[in-house]
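For reference, the structure discussed in these notes is given below.
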Amino acid sequence: MKSILPILTVVAAIFAIWYAFAVILNAPWAYSKAERADKTLSFSEMVSDTMAQDKPLLPAPHQVAVEIWKTTALKNVTSKRSLVYHGWITLQATALGFAFGIGLGIILAVAIVYSRVMDMSVMPWIIASQTVPILAIAPMIVVVLAAMQVDDIVAKGVISMYLSFFPVVVGMVKGLRSPDTMLLDQMKTYSASPSQAFWKLRLPASAPYLFASLKVGVAASLIGAVVAELSLSQNGGLGARLLAGSYYGQTIQIWSALLAAATLAALMVFAISAIEKVTLRRMGMAQ
Amino acid sequence: ADDVTLQLKWVTQAQFAGYYVAQEKGFYGDEDLNVTIKPGGPDVAPAQVIAGGGADVVLDWMPSALASREKGLNLVNIAQPFATSGMMLTCRKDTGITGPEDFAGKTLGVWFFGNEYPFLSWMSQMGLSTDGGDDGVTVLKQGFNVDPLLQGQAACISTMTYNEYWQVIDAGLTEDDLVTFKYEDMGVATLEDGIYVLQENLDDPAFSDKMVRFVRASMKGWKYAEANPDEAADIVLENDASGAQTEKHQQRMMREIAKLTAGSTGELSVEDYERTVETLMKGGSDPVITATPEGAWTHAITDLALK
Amino acid sequence: MTTVIQANNLDLTYQTNDGPVHALKGVDLDINKGDFVSFIGPSGCGKTTFLRAIADLEQPTGGTLTVNGMTPEQARQSRAYGYVFQAAGLYPWRTIGDNIRLPLEIMGYPKSDMAQRVTEVLELVHLEGFEKKFPWQLSGGMQQRASIARALAFDADILLMDEPFGALDEIVRDHLNEQLLELWARTNKTIGFVTHSIPEAVYLSTKIVVMSPRPGRITDIIDSPLPKERPLDIRDTPEFLEIAHRVREGLREGHAYDD
Amino acid sequence: MTTVIQANNLDLTYQTNDGPVHALKGVDLDINKGDFVSFIGPSGCGKTTFLRAIADLEQPTGGTLTVNGMTPEQARQSRAYGYVFQAAGLYPWRTIGDNIRLPLEIMGYPKSDMAQRVTEVLELVHLEGFEKKFPWQLSGGMQQRASIARALAFDADILLMDEPFGALDEIVRDHLNEQLLELWARTNKTIGFVTHSIPEAVYLSTKIVVMSPRPGRITDIIDSPLPKERPLDIRDTPEFLEIAHRVREGLREGHAYDD
Amino acid sequence: MMWILGSLVFWALAVVLNLYLVRNKVAGAGFIVPVLFGITVLVVWEGMVRGFNVSPVLLPPPSWVGVALVSKTHILWQDLVQTFFKGALTGYFIGCGSAVLIAIAIDRSPFLQRGLLPVGNFIAALPIVGLAPIMVMWFGFDWHSKAAVVVAMVFFPMLVNTVQGLQASDHMQRDLMRTYAASYWASLVKLRLPAAMPFIFNGLKISTTLALIGAIVAEFFGSPIKGMGFRISTEVGRLSLDMVWAEITVAAILGSAFYGIVALTEKRLTFWHPSQRKQR
Ligand SMILES: Nc1ncnc2c1ncn2[C@@H]1O[C@H](COP(=O)(O)OP(=O)(O)OP(=O)(O)O)[C@@H](O)[C@H]1O
Ligand SMILES: Nc1ncnc2c1ncn2[C@@H]1O[C@H](COP(=O)(O)OP(=O)(O)OP(=O)(O)O)[C@@H](O)[C@H]1O
Ligand SMILES: Cc1ncc(C[n+]2csc(CCO)c2C)c(N)n1
Ligand SMILES: [Mg+2]
Ligand SMILES: [Mg+2]
């Protein structure tokens, strides 16, 4: 609650800057239009023009707001012109990719923690894998998976997984290794089996780390899903929307798709935080 | 019904109206075909999709199809619904350009991703280098839209008569502000939007038969679209998954497209084919294709389909 | 009288980046059933190392070491001992009760038995009513008591404790010392106990092992003549002070001021 | 004899989620120049809180508190005291020498002066030769000594020490106790010292403040009749034991066993 | 069939060898093991592509990629200069530098901190892919727009890490500063910044990969006719997959090297942090 006022202040400041930039960036076009029409513009005419261009370089916040309102509240959610519809499609792909990412990430993390060979041989390559530009290989993944008769949504999921498994691996490796030597020694004094040590000590100890990386991972998943939709635009989704907007220079549409994606990401992060709170409290780890 | 998957070259728009019309009007169904139309996008290479088995038929531009053949992918043109090229270079008058001879020293926007071949041939025929030297032109890889022209980052950009040109107009520039150079008029036109399949599939009689029916139905779709442009545009909009296309733009596009398909029955004009090959081979030191292609087209399908 | 722990010429050297560290050198020691043995010595003299070697948490590099006549590994696998670490080391995600239940779960005690044992040891350390609390809801002293309870919950004849009361204040410490003695008397366990405090060592033990560092070896083994029954004010008796004095002398000798 | 620290009816209440915690209630205390005052009491009785209030690290919620006749804040800003925390709290990215140099840099001592002071205090705590080492390369005891050296390096009349020897073994502790007394005698600083150990409190202090918890208040103030010169074996004299007894009694009274 | 069997046998041998190296703590295993793993991946890839006759327009065998790497060095180098040195590095330094400065500014004001961090996290969730076309519109098609995308990508991770780092010094360390009556700047320079180093480096490491990816991706939305992103997108269209993979290889090597350099610097500068010290 304490942070409402500061957030509002910051948001207000951002809007002010945004409006200022909208005027600055859109002004040249307003002037050149006027010039070609042999008119001269007063300052206020120029400003009002920059607030209402069809394809502004930077749309004014209210233009984006109107667009978002028109494409959410005023459209049936099943309509292809509804952002909710596209958001839902992206959300599905994100969820699938995120599920894949968690699965792969945890399996790799367990393998790395329990096998020195895996640790030494795979870890450097996992880091290298993240330096491969995903947008470059996404279309190739799509083609190869399509050749293997894999569903489009699964292909999207795979691309989204590529980005989200990394934070999960890193976080889980840290988490599974977080119990200190004393606790591990203690397990040894009970002569506990490796699987008992895993279920009773390592896994619960990794919970806070898991949640921290899930929050990073879900945002990465979303980015992956959006990237995948640039290559798989036939099914719609926020990425397809972004692409179409770019193709026709519809900046207002680009920005509204962007904001929708960011909102989606924020909602998912928020949801995970909520689950985290409940889980950690149940586990007694939140004080 | 027999399944056919068609991979388009670009996103859903009136450029592909014939196929969507054939689909919606049941022309494919009449031929006992069950057709799936997959839209493309900026990073979907139809040739790659067909190589991977993701499609049975693809739409491609001939320069890129012939280049793919040289990479060892045996694409064969079985039909050519587009008779005329819609590609052009659109320039701003205020840059002082009046003819191709003024290009030297200017920045030109070009589409890559396999769409650059006609442009490169043209420039090499004019003796203009494209690597940024003073005696040539500076090439910029144009993104998805017409911004480089509007913002003066480029003197000219690539446009299609049916699409980007109108986006420039919509943005507020008038025909008087612009100079256009159609590849068709410059004598460097190459064939666009042809129907291609893999040679090894074509050798299978059952597949050939499918293609005969597919081409027949598709051409029926095209002719219907030419005759009913507004209805065709509506059908396209119905099929646009992104929900971002506008009616005004698609209707206009359909009318422009109709001009390009008007002269075609679907049969590839051998004369146009040879002109395309000749243009591509004239690429100077770096021709798009190095040897005259063999077996890059066949009339076998259209002969049966259009009889 | 059976010998429970027997060390003969025990050596233990750690390999580190800066070369080997002789943590234990030529250690000879017999601990009998029912003994309460304290290990005292300056920091770094190898007290923890010795306890860990008994518990099979470190491998000796020389000499022999048997626990209940077996190798330490066999003893560990037959769950011969309970170990109390210096820090309480409770699992934050388990309640006190569940923490105590942990070794029982691992060792496969029957469910019905568990509940009873938990109640029993909680009483033993005076933590009745805290079964459902989480560790962070308890003070440091209470946590340490819970950790002792955990080591008592299962049937091990040997109890190894590494400075269990190091972090507690004097009053609480006195109190726990009394309770530990009482428990020891009642259960007849064999206890190995590491401490820094001379009065604590003297008060608790039947045998005090004084160690000195670099390399860690035993400089003195003092058998305490004090009776098994020890009220707190035994600490003011001359016998007590006499032993304490001997321990202090032993410590002084082995002590180097450079740490 | 001037009064250096004066607390009148001092109250300090922490506001926490579970409601207010009365850490100090009605504390009256005068500390004179040159006093060595020990604070002893069970865990949570407010010893640390009181020391922190003097150092202006906590704000009293009632009563008055003056340091050198000023408010604690003014005293802090005039750098009237050095503070030694319970844990050494050395900066791991600085060598021992640089850690000691830290307050000097901040207080703007001249460069030339610094080197000399560092050498001096390192000698004082017997850490010659460790100037270039990093904290983690030293044992806990050595780190604690370095942290004391750091508080001694600059000229403050008051030294506030919060259980500085809590983590050390008895021998090292004895040794540091002796040195601290010697330093105190030499510099005539006023020292406020928190401890858990009764012998330590008695051995060091001119005045022992016994506290009890909930709410934290002073239950006894004992002026020590011991002479300023105190060899270690003064601890075996009847006067010493007598005072120790009184302190223990005071502590027992205020102690609750529920923690 | 030969190819497939051969690569599987190689795989098995490599696994056995790696197990041996790790079990016996052979000197240099830390280097050999991951390299051997990488070679195994390449061998299996080559074997599978050849064995199953995968079309080279879908996935070229690594040997072709190797040939492209060697024979097209000049193109690869020119692309690298354009994308990495001009686009990525410039953006990286501007983005990380300004984020640290702003974090320090925010740090003084709890008000700003409470406001900017949640908003910053929201903005960090913007898929930057979407920002790329906008940046190209704003900053032109040359490397400036690529640098701008990189700035946008690295700014928030860096900001959040630095702000967190500045709060990382523990209470006692800060109280100590108070007892010295240290000024804001003294405690910033002598305590908070050094204590923040591990966090700052964490941000710097994350940002290395982001920077490279950002610069490459931005080139998909308009570029001069050089650059790694330009080459990748163009050569896919031309079905020259060997060149595409050569560029990807360069990107991966470069990214890993960049990461490695920052990690090494971290090791040198935060040697004191427990995570950098070997356990006893
Ligand atoms: N895992 C290890 N690797 C290397 N050296 C070690 C290890 N554990 C202990 N040592 C070294 O062995 C010696 C003995 O250590 P040990 O922990 O047994 O001492 P201690 O008597 O328990 O000391 P303290 O009273 O401080 O706990 C020390 O010099 C220590 O530095
Ligand atoms: N920052 C704080 N916020 C809330 N309560 C606090 C805070 N610091 C201390 N307390 C409470 O105030 C009381 C006195 O604490 P203080 O740390 O002064 O005790 P102490 O005598 O130093 O104890 P110990 O011997 O354990 O160090 C305790 O009940 C403690 O829980
Ligand atoms: C990245 C990119 N590549 C190509 C085009 C050009 N284009 C416009 S319409 C069309 C379809 C041709 O059948 C094509 C290829 C573009 N706009 N953006
Ligand atoms: Mg120890
Ligand atoms: Mg305290």
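Letters for chains follow the order of the structure tokens (A, B, ...), residue numbers begin at 1 for each chain, and ligand numbers begin at 1 in the order shown.
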
Please identify every polymer residue within 8 Å of ligand 4, using only C-alpha atoms and all ligand atoms, and present the set as a JSON list (two decimals) with C-alpha atoms, in the first residue's frame.
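Final file, result_14.json:
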[["chain", "number", "residue", "atom", "x", "y", "z"],
["C", 43, "SER", "CA", 40.44, -23.82, 18.12],
["C", 44, "GLY", "CA", 41.68, -25.93, 15.24],
["C", 46, "GLY", "CA", 41.03, -31.39, 15.64],
["C", 47, "LYS", "CA", 38.17, -31.95, 18.08],
["C", 48, "THR", "CA", 35.55, -31.72, 15.36],
["C", 49, "THR", "CA", 37.70, -33.77, 13.04],
["C", 86, "GLN", "CA", 27.34, -27.13, 16.60],
["C", 162, "ASP", "CA", 30.00, -31.02, 18.75],
["C", 163, "GLU", "CA", 29.85, -27.92, 20.97],
["C", 194, "VAL", "CA", 33.22, -31.24, 22.32]]

Can I get the residues close to ligand 1 as a ChimeraX atom specification, where close means within 9 Å and we count only C-alpha atoms and all ligand atoms? /C:12-17,20-24,39-52,58,86,162-163,194-196,211-216 /D:139-140,168-169 /E:279-280

Residues within 9 Å of Leu241 (chain E), please, as a list in words. Count only C-alpha atoms; anything in the same chain fewer than 5 positions from it doesn't count. Pro56, Val57, Leu58, Leu59, Pro60, Val65, Ile232, Glu235, Val236 and Ala246 of chain E

Residues as selected, C-alpha atoms, written as a compact mmCIF listing (two decimals), in the first residue's frame, can you do that?
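File written: part-v8.txt
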# COMPACT_ATOMS: atom_id res chain seq x y z
CA PRO E 56 21.12 -29.82 -46.34
CA VAL E 57 18.53 -27.08 -46.82
CA LEU E 58 17.07 -28.20 -43.51
CA LEU E 59 20.18 -29.01 -41.50
CA PRO E 60 23.68 -29.05 -42.95
CA VAL E 65 29.52 -25.41 -41.57
CA ILE E 232 21.32 -15.15 -40.93
CA GLU E 235 20.92 -16.78 -46.05
CA VAL E 236 17.96 -18.71 -44.67
CA ALA E 246 28.48 -20.58 -39.39

Mind running chain B against chain E at 9 Å and telling me each contacting residue's nearest atom pair with the distance in Å (one decimal), counting only C-alpha atoms, chain and number ascending, as JSON lines?
{"residue": "B:Asp43", "atom": "CA", "partner": "E:Ser233", "partner_atom": "CA", "distance": 7.1}
{"residue": "B:Val44", "atom": "CA", "partner": "E:Gly237", "partner_atom": "CA", "distance": 7.9}
{"residue": "B:Ala45", "atom": "CA", "partner": "E:Gly237", "partner_atom": "CA", "distance": 5.6}
{"residue": "B:Pro46", "atom": "CA", "partner": "E:Gly237", "partner_atom": "CA", "distance": 8.8}
{"residue": "B:Ala47", "atom": "CA", "partner": "E:Leu239", "partner_atom": "CA", "distance": 7.9}
{"residue": "B:Gln48", "atom": "CA", "partner": "E:Val57", "partner_atom": "CA", "distance": 6.3}
{"residue": "B:Val49", "atom": "CA", "partner": "E:Leu58", "partner_atom": "CA", "distance": 8.6}
{"residue": "B:Ala51", "atom": "CA", "partner": "E:Ser55", "partner_atom": "CA", "distance": 7.1}
{"residue": "B:Gly52", "atom": "CA", "partner": "E:Leu58", "partner_atom": "CA", "distance": 6.6}
{"residue": "B:Ser64", "atom": "CA", "partner": "E:Arg238", "partner_atom": "CA", "distance": 7.2}
{"residue": "B:Ala67", "atom": "CA", "partner": "E:Arg238", "partner_atom": "CA", "distance": 7.2}
{"residue": "B:Ser68", "atom": "CA", "partner": "E:Leu239", "partner_atom": "CA", "distance": 6.7}
{"residue": "B:Lys71", "atom": "CA", "partner": "E:Leu239", "partner_atom": "CA", "distance": 7.1}
{"residue": "B:Gly72", "atom": "CA", "partner": "E:Val57", "partner_atom": "CA", "distance": 8.4}
{"residue": "B:Leu73", "atom": "CA", "partner": "E:Val57", "partner_atom": "CA", "distance": 7.8}
{"residue": "B:Phe112", "atom": "CA", "partner": "E:Thr234", "partner_atom": "CA", "distance": 5.7}
{"residue": "B:Phe113", "atom": "CA", "partner": "E:Gly237", "partner_atom": "CA", "distance": 4.0}
{"residue": "B:Gly114", "atom": "CA", "partner": "E:Gly237", "partner_atom": "CA", "distance": 4.7}
{"residue": "B:Asn115", "atom": "CA", "partner": "E:Gly237", "partner_atom": "CA", "distance": 8.1}
{"residue": "B:Asp131", "atom": "CA", "partner": "E:Ile225", "partner_atom": "CA", "distance": 8.1}
{"residue": "B:Thr138", "atom": "CA", "partner": "E:Pro224", "partner_atom": "CA", "distance": 8.4}
{"residue": "B:Val139", "atom": "CA", "partner": "E:Ile225", "partner_atom": "CA", "distance": 6.5}
{"residue": "B:Leu140", "atom": "CA", "partner": "E:Pro224", "partner_atom": "CA", "distance": 4.5}
{"residue": "B:Lys141", "atom": "CA", "partner": "E:Ser223", "partner_atom": "CA", "distance": 5.1}
{"residue": "B:Gln142", "atom": "CA", "partner": "E:Gly222", "partner_atom": "CA", "distance": 5.1}
{"residue": "B:Gly143", "atom": "CA", "partner": "E:Gly222", "partner_atom": "CA", "distance": 4.3}
{"residue": "B:Phe144", "atom": "CA", "partner": "E:Phe221", "partner_atom": "CA", "distance": 6.8}
{"residue": "B:Asp147", "atom": "CA", "partner": "E:Met137", "partner_atom": "CA", "distance": 6.8}
{"residue": "B:Pro148", "atom": "CA", "partner": "E:Met137", "partner_atom": "CA", "distance": 7.8}
{"residue": "B:Gln151", "atom": "CA", "partner": "E:Met137", "partner_atom": "CA", "distance": 8.3}
{"residue": "B:Gln153", "atom": "CA", "partner": "E:Gly140", "partner_atom": "CA", "distance": 7.0}

Near-region 121-125 of chain E list (12 Å; only C-alpha atoms; drop same-chain fewer than 3 positions) as number ranges by chain: A: 7, 11, 14, 215-223, 258-270; E: 113-118, 128-131, 151-161

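These are the residues of region 105-218 of chain D assigned strand (DSSP E or B) by DSSP from backbone coordinates: Ile158, Leu159, Leu160, Met161, Asp162, Thr190, Ile191, Gly192, Phe193, Val194, Thr195, Lys207, Ile208, Val209, Val210, Met211, Ser212, Arg217 and Ile218 of chain D.
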
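Distance-wise, CA of Gly227 (chain E) and CA of Gln82 (chain E) end up 5.3 Å apart.
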
With a distance cut-off of 9 Å and only C-alpha atoms, select the neighbouring residues of Ala257 (chain A), excluding the residue or stretch itself and same-chain residues fewer than 2 positions from it, and output the selection as an NGL selection string. (:A and (68 or 83 or 87 or 238-239 or 241-242 or 245 or 252-255 or 259-262)) or (:E and (130))

Based on the selection just made, write N, CA, C and O atoms of those residues as a compact mmCIF listing (two decimals), in the first residue's frame.
# COMPACT_ATOMS: atom_id res chain seq x y z
N ILE A 68 -6.40 -0.24 -27.16
CA ILE A 68 -6.53 -1.41 -26.28
C ILE A 68 -7.98 -1.57 -25.84
O ILE A 68 -8.53 -2.67 -25.84
N LEU A 83 -7.82 -8.46 -28.64
CA LEU A 83 -6.52 -8.72 -28.01
C LEU A 83 -6.63 -9.85 -26.99
O LEU A 83 -5.68 -10.57 -26.74
N GLY A 87 -4.23 -12.82 -26.83
CA GLY A 87 -3.53 -13.04 -25.57
C GLY A 87 -3.72 -14.46 -25.08
O GLY A 87 -2.78 -15.11 -24.61
N LEU A 238 -0.30 -12.86 -29.87
CA LEU A 238 0.22 -11.49 -29.77
C LEU A 238 1.40 -11.27 -30.70
O LEU A 238 1.58 -10.18 -31.25
N GLY A 239 2.21 -12.32 -30.91
CA GLY A 239 3.34 -12.20 -31.83
C GLY A 239 2.87 -11.93 -33.25
O GLY A 239 3.42 -11.08 -33.96
N ARG A 241 0.16 -10.59 -34.09
CA ARG A 241 -0.40 -9.26 -34.04
C ARG A 241 0.71 -8.21 -34.20
O ARG A 241 0.60 -7.25 -34.95
N LEU A 242 1.79 -8.46 -33.49
CA LEU A 242 2.94 -7.58 -33.53
C LEU A 242 3.50 -7.53 -34.95
O LEU A 242 3.82 -6.48 -35.50
N GLY A 245 1.21 -5.76 -37.30
CA GLY A 245 1.33 -4.33 -37.04
C GLY A 245 2.58 -3.77 -37.67
O GLY A 245 2.57 -2.71 -38.31
N ILE A 252 0.37 2.01 -33.57
CA ILE A 252 -0.56 1.94 -32.43
C ILE A 252 -0.84 0.49 -32.09
O ILE A 252 -0.85 0.09 -30.92
N GLN A 253 -1.00 -0.30 -33.14
CA GLN A 253 -1.27 -1.71 -32.93
C GLN A 253 -0.06 -2.42 -32.31
O GLN A 253 -0.20 -3.27 -31.43
N ILE A 254 1.15 -2.04 -32.76
CA ILE A 254 2.35 -2.65 -32.19
C ILE A 254 2.39 -2.38 -30.69
O ILE A 254 2.59 -3.28 -29.88
N TRP A 255 2.20 -1.11 -30.34
CA TRP A 255 2.31 -0.76 -28.93
C TRP A 255 1.25 -1.43 -28.09
O TRP A 255 1.50 -1.84 -26.96
N LEU A 259 2.07 -3.85 -25.01
CA LEU A 259 1.58 -3.64 -23.65
C LEU A 259 0.77 -4.83 -23.19
O LEU A 259 0.85 -5.24 -22.03
N ALA A 260 0.02 -5.42 -24.11
CA ALA A 260 -0.75 -6.62 -23.74
C ALA A 260 0.21 -7.72 -23.31
O ALA A 260 -0.01 -8.41 -22.30
N ALA A 261 1.31 -7.90 -24.07
CA ALA A 261 2.28 -8.94 -23.72
C ALA A 261 2.90 -8.66 -22.35
O ALA A 261 3.03 -9.56 -21.53
N ALA A 262 3.26 -7.40 -22.14
CA ALA A 262 3.88 -7.06 -20.84
C ALA A 262 2.90 -7.30 -19.70
O ALA A 262 3.28 -7.81 -18.64
N GLY E 130 9.59 -6.88 -29.76
CA GLY E 130 8.64 -5.89 -30.22
C GLY E 130 9.24 -4.50 -30.29
O GLY E 130 8.83 -3.68 -31.10
